[in-house]
Amino acid sequence: MNGATGATGVNGARVPAPGRSAMPRQRQTDRSPGQRVSTGDIAALRSVGELFRTLDDAYGGGHARQALVRYLEHEAEPMLRGTYGEATGRRLFAAAADLTRLAGWTSYDIAAHGLAQRYFVQALRLSQAAGDRPYGSYVLATMSRQAVHLGHGREAVQLARVAQQGVGSTAPAVVQALLHSVEARGHGVLGEVRACTASLVRAERAMEAARPGDELPHWARFFDEAQLADEFAHCHRDLQQHRASAQHAERSLQLRAPGYARSRLFCRVVLASARLGLGELDQACALAAESAQQATEMRSARALEYVRDFEKRLEPYRDAAAVRNYRDRVAALG
């Protein structure tokens, strides 16, 4: 099978090269057209994806994005114009889908939302060409997360439900937990207490059904007890259930590995908001000041937006000594 630009994929889908809509300019590459793609090439794509994911988690999307986009242009895109058999082609399209989704994710993290959405649509096409419906569901879940961030709760719920339909009831328990929690976030944004609670219960039950030896797709391995607690904390924050939000945020921070620095920052701000809602102003400001300092050390628009959201919640208390001290500390960060 020869995969040309805009070529027919392994299942007959028309698939442009990764990022074509987002990166219209053609650039010279070292890989010649028609070159045979090897299993080593695909392994390299996967390894590079893990590297960029680690950088993104620790330092924000702005650190990894430009290098990732260049890699897509110079390495992944020419591979799709190479020569490969059907089995290799499926693995190639799947690896390209993963890198393209990550390009969208890092674009989303720096608030380039339109660009992110184009990458996500492209990742969906590539996962379709790979015949990988579960990964397509993960892309839809990612799109749902972006919709939550933008305050589009109804769209977020719809995307999460389509994602659930894509994997079906036979998906691993952790995958089901992930997708139910994504739906819960959409209901939380909408203030739908009953629907949000029902989705959280489904996510929790699915997680309880998971077993250590369960085989998981690589993209679902990040979803653990720390991540589930984080989802609960966010939902309870959005529903103004401050005590529950604080409890789950504290649990997530206890369990979350240090490498997930941006996620820990988000969760710490959620905890600060919960403490504020409980009237614990000093604790709330101390947590937020720590988060504000970390946000300045990351290249993540979302990190800064979390801090700004907390500062809006401080407005009713702006004359309190703790708030004045917080603002002085943040101003000193420059």
# chains A, B, ... in the order shown; residues from 1 in each chain; ligands from 1

$ select_by_dssp --residues "segment 22-94 of chain A" --states "helix (DSSP H, G or I)" --output "ChimeraX atom specification"
/A:39-59,61-80,86-94

$ atom_distance --atom1 "atom CA of Ala274 of chain A" --atom2 "atom CA of His234 of chain A"
9.7 Å

$ residues_around --residues "Arg324 of chain A" --least-positions-apart "4" --cutoff "12 Å" --atoms "only C-alpha atoms" --output "MDAnalysis selection string"
chainID A and resid 281:282 285:286 289 311 314:315 317:320 328:331

$ closest_atom_pairs --of "segment 37-79 of chain A" --to "segment 206-222 of chain A" --cutoff "12 Å" --atoms "only C-alpha atoms" --output "tab-separated table"
residue	atom	partner	partner_atom	distance
A:Arg46	CA	A:His218	CA	10.2
A:Ser47	CA	A:His218	CA	11.8
A:Gly49	CA	A:Trp219	CA	10.8
A:Glu50	CA	A:His218	CA	9.9
A:Arg53	CA	A:Trp219	CA	10.5
A:Thr54	CA	A:Phe222	CA	11.3
A:Asp57	CA	A:Phe222	CA	10.8

$ closest_residue --among "A:Leu271, A:Val323, A:Leu99, A:Ala141" --to "Gly166 of chain A" --atoms "only C-alpha atoms"
A:Ala141

$ residues_around --residues "Leu200 of chain A" --least-positions-apart "5" --cutoff "9 Å" --atoms "only C-alpha atoms" --output "MDAnalysis selection string"
chainID A and resid 177 180:181 183:185 195 205 231:232 235

$ closest_residue --among "A:Leu333, A:Cys267, A:Ala171, A:Ala257" --to "Ala58 of chain A" --atoms "only C-alpha atoms"
A:Ala257

$ closest_residue --among "A:Val174, A:Ala261, A:Leu92, A:Val139" --to "Met298 of chain A" --atoms "only C-alpha atoms"
A:Ala261

$ atom_distance --atom1 "atom CA of Gln35 of chain A" --atom2 "atom CA of Gly82 of chain A"
4.8 Å

$ atom_distance --atom1 "atom CA of Gly259 of chain A" --atom2 "atom CA of Trp105 of chain A"
17.5 Å

$ decode --residues "segment 69-113 of chain A" --atoms "C-alpha atoms" --output "mmCIF file, in the first residue's frame"
data_model
loop_
_atom_site.group_PDB
_atom_site.id
_atom_site.type_symbol
_atom_site.label_atom_id
_atom_site.label_comp_id
_atom_site.auth_asym_id
_atom_site.auth_seq_id
_atom_site.Cartn_x
_atom_site.Cartn_y
_atom_site.Cartn_z
ATOM 1 C CA VAL A 69 4.813 20.607 14.970
ATOM 2 C CA ARG A 70 8.194 20.569 13.211
ATOM 3 C CA TYR A 71 8.507 16.857 13.892
ATOM 4 C CA LEU A 72 5.072 16.261 12.386
ATOM 5 C CA GLU A 73 6.032 18.237 9.288
ATOM 6 C CA HIS A 74 9.495 16.788 8.778
ATOM 7 C CA GLU A 75 9.022 13.182 9.927
ATOM 8 C CA ALA A 76 5.426 11.995 10.362
ATOM 9 C CA GLU A 77 3.919 13.685 7.314
ATOM 10 C CA PRO A 78 6.531 12.326 4.867
ATOM 11 C CA MET A 79 6.028 8.832 6.304
ATOM 12 C CA LEU A 80 2.370 8.967 5.266
ATOM 13 C CA ARG A 81 3.599 9.599 1.707
ATOM 14 C CA GLY A 82 5.884 6.601 1.976
ATOM 15 C CA THR A 83 5.352 2.948 1.084
ATOM 16 C CA TYR A 84 4.007 0.395 3.558
ATOM 17 C CA GLY A 85 1.848 -2.679 3.835
ATOM 18 C CA GLU A 86 -1.589 -2.743 5.407
ATOM 19 C CA ALA A 87 -0.562 -3.798 8.924
ATOM 20 C CA THR A 88 2.276 -1.281 9.017
ATOM 21 C CA GLY A 89 -0.072 1.341 7.602
ATOM 22 C CA ARG A 90 -2.549 0.889 10.431
ATOM 23 C CA ARG A 91 0.202 1.307 13.006
ATOM 24 C CA LEU A 92 1.555 4.333 11.144
ATOM 25 C CA PHE A 93 -1.805 6.087 10.976
ATOM 26 C CA ALA A 94 -2.404 5.313 14.654
ATOM 27 C CA ALA A 95 0.970 6.787 15.664
ATOM 28 C CA ALA A 96 0.368 9.848 13.485
ATOM 29 C CA ALA A 97 -3.081 10.275 15.069
ATOM 30 C CA ASP A 98 -1.516 10.248 18.513
ATOM 31 C CA LEU A 99 1.073 12.899 17.616
ATOM 32 C CA THR A 100 -1.564 15.035 15.906
ATOM 33 C CA ARG A 101 -3.871 14.904 18.927
ATOM 34 C CA LEU A 102 -0.926 15.935 21.081
ATOM 35 C CA ALA A 103 -0.249 18.876 18.752
ATOM 36 C CA GLY A 104 -3.871 19.870 19.287
ATOM 37 C CA TRP A 105 -3.570 19.413 23.039
ATOM 38 C CA THR A 106 -0.476 21.604 23.292
ATOM 39 C CA SER A 107 -2.160 24.222 21.080
ATOM 40 C CA TYR A 108 -5.171 24.145 23.397
ATOM 41 C CA ASP A 109 -2.888 24.632 26.383
ATOM 42 C CA ILE A 110 -1.547 27.887 24.933
ATOM 43 C CA ALA A 111 -5.112 29.057 24.091
ATOM 44 C CA ALA A 112 -4.770 28.587 20.313
ATOM 45 C CA HIS A 113 -8.246 27.046 20.345
#
